[in-house]
Amino acid sequence: WMPARMLRALALLIAVAHSSAFGIVSPSIPRTWQASPTACQKMLSISRTSAKRGHQLCMGSPVAPASAQGTSPAPLAEEDGQRSCRVYNTPGLVDYPSALQFQKDLQRERIDHKVAHKGKPPFSLPDALVLVEHPEVYTLGSSSEASHILFPLDQSQVAEVGGSISVEEEGEDGARFQVHRVQRGGKVTYHCPGQLVGYPIVDLARHQQDIDWYLRSIENVLISVLDSYGVKAGTIDGLTGVWVDGKKIAAVGVGASRWVTLHGWALNIDNDMQGFKRIVPCGIADRPVCCLKDFLCDDCPPVSEVREKVTEAFMAAFDLDAVRMPSPLSSK
């Protein structure tokens with residue numbers, strides 16, 4: 001062991017060197033390091049370990065060694081994925097089971113990564129945003145009730161999460177659609193062509209570990225997009241979703257595991273609203289639904305345009321940078 005004076009002197013030199021590397025003109029050495037030889041020894045041990053790993057210490061976070069930093073080092077948050085969001089924008093119609101499985105895979109990948117690395121940066125994966133349209137399908141949330149389904153349905157086949165059934169209405173023009181029981185909050189909702197469905201896979205540990213905050217943030221994203229088209233939307237106390245003149249234009253329902261989210265929203269743009277007549281949308285009997293076309297008529301934008309606006313608004317709301325990714329989902 002080195003004498004206490006030598007330990008304190010070496011610790012001071014190390015702290016000054018670290019501080020200088022990051023432009024701190026007047027480093028402040030904690031009194032515990034000045035007074036405690038044990039603390040000084042720990043600092044030396046940390047410094048040796050850090051040097052072996054090729055990193056320097058900056059307020060507890062490793063950064064690239066000076067030789068690799070260059071003149072404009074990338075922020076740590078971008079290096080470890082915390083400020084990036086992978087966007088999977090799939091045109092066409094994507095089957096609901098395929099999109100659901102893709103969500104689960106993305107969520108599981110991020111949860112496993114967090115567990116393996118104890119949730120500490122830089123060992124974290126970027127958030128993700130999946131944007132799709134679905135063929136006609138109904139999804140039942142955790143609080144769905146049989147009375148909210150207005151068409152014949154064998155409830156036993158969708159009693160548990162993961163249950164699904166195909167339904168074919170009678171008559172030559174009878175519609176065909178699927179029903180799925182899923183692990184999200186809320187009641188029954190309807191997806192169809194012309195409706196933009198967004199599935200953010202977000203690690204709330206990087207943002208705010210509060211589901212209510214997350215729901216309100218999603219609502220605000222959609223409100224801002226609608227406002228860009230001159231449609232004044234808002235929320236209603238006690239009800240989730242986005243509303244225009246008392247009519248629901250977007251449903252929001254999410255799930256989460258270890259603070260990594262699943263599911264998301266459905267924004268009605270230019271879709272056939274007849275399918276909503278087969279259910280009590282979101283279990284709210286006295287609140288009608290609407291779509292963007294109801295307000296913009298022939299000036300209603302295509303779904304492809306709204307996808308881009310939603311992506312931009314989402315990145316701004318969550319302070320993320322979009323990284324466009326090829327989508328592995330097949331579409332019709």
# chains A, B, ... in the order shown; residues from 1 in each chain; ligands from 1

call {"tool": "select_by_dssp", "arguments": {"residues": "stretch 72-226 of chain A", "states": "alpha helix (DSSP H)", "output": "MDAnalysis selection string"}}
result
chainID A and resid 76:79 96:116 211:226

call {"tool": "select_by_dssp", "arguments": {"residues": "stretch 208-320 of chain A", "states": "strand (DSSP E or B)", "output": "PyMOL selection string"}}
result
chain A and resi 234-236+239-244+247-257+260-268+279+289

call {"tool": "closest_atom_pairs", "arguments": {"of": "stretch 213-301 of chain A", "to": "stretch 184-207 of chain A", "cutoff": "6 Å", "atoms": "only C-alpha atoms", "output": "tab-separated table"}}
result
residue	atom	partner	partner_atom	distance
A:Gly253	CA	A:Gly185	CA	5.5
A:Val254	CA	A:Arg184	CA	5.2
A:Gly255	CA	A:Arg184	CA	4.6
A:Trp259	CA	A:Leu204	CA	5.3
A:Val260	CA	A:Asp203	CA	4.3
A:Thr261	CA	A:Ile201	CA	5.1
A:Leu262	CA	A:Ile201	CA	5.6
A:His263	CA	A:Tyr199	CA	5.0
A:Gly264	CA	A:Tyr199	CA	4.7
A:Trp265	CA	A:Gly198	CA	5.3
A:Ala266	CA	A:Val197	CA	4.4
A:Leu267	CA	A:Leu196	CA	5.1
A:Asn268	CA	A:Gln195	CA	4.6
A:Ile269	CA	A:Gln195	CA	5.4
A:Asp270	CA	A:Gly194	CA	4.8
A:Asn271	CA	A:Gly194	CA	4.2
A:Pro281	CA	A:Thr189	CA	5.6
A:Cys282	CA	A:Lys187	CA	4.9
A:Gly283	CA	A:Lys187	CA	6.0

call {"tool": "closest_residue", "arguments": {"among": "A:Lys309, A:Arg176, A:Lys104, A:Arg181", "to": "A:Pro135", "atoms": "only C-alpha atoms"}}
result
A:Arg176

call {"tool": "atom_distance", "arguments": {"atom1": "atom CA of A:Gln101", "atom2": "atom CA of A:Leu215"}}
result
22.0 Å

call {"tool": "closest_residue", "arguments": {"among": "A:Glu219, A:Glu133, A:Asp112, A:Asp154", "to": "A:Phe314", "atoms": "only C-alpha atoms"}}
result
A:Glu219

call {"tool": "closest_residue", "arguments": {"among": "A:Ser143, A:Leu129, A:Phe276, A:Arg258", "to": "A:Leu106", "atoms": "only C-alpha atoms"}}
result
A:Leu129

call {"tool": "closest_residue", "arguments": {"among": "A:Ala159, A:Cys85, A:Ile218, A:Ile111", "to": "A:Asp319", "atoms": "only C-alpha atoms"}}
result
A:Cys85

call {"tool": "atom_distance", "arguments": {"atom1": "atom CA of A:Ala285", "atom2": "atom CA of A:Thr235"}}
result
17.3 Å
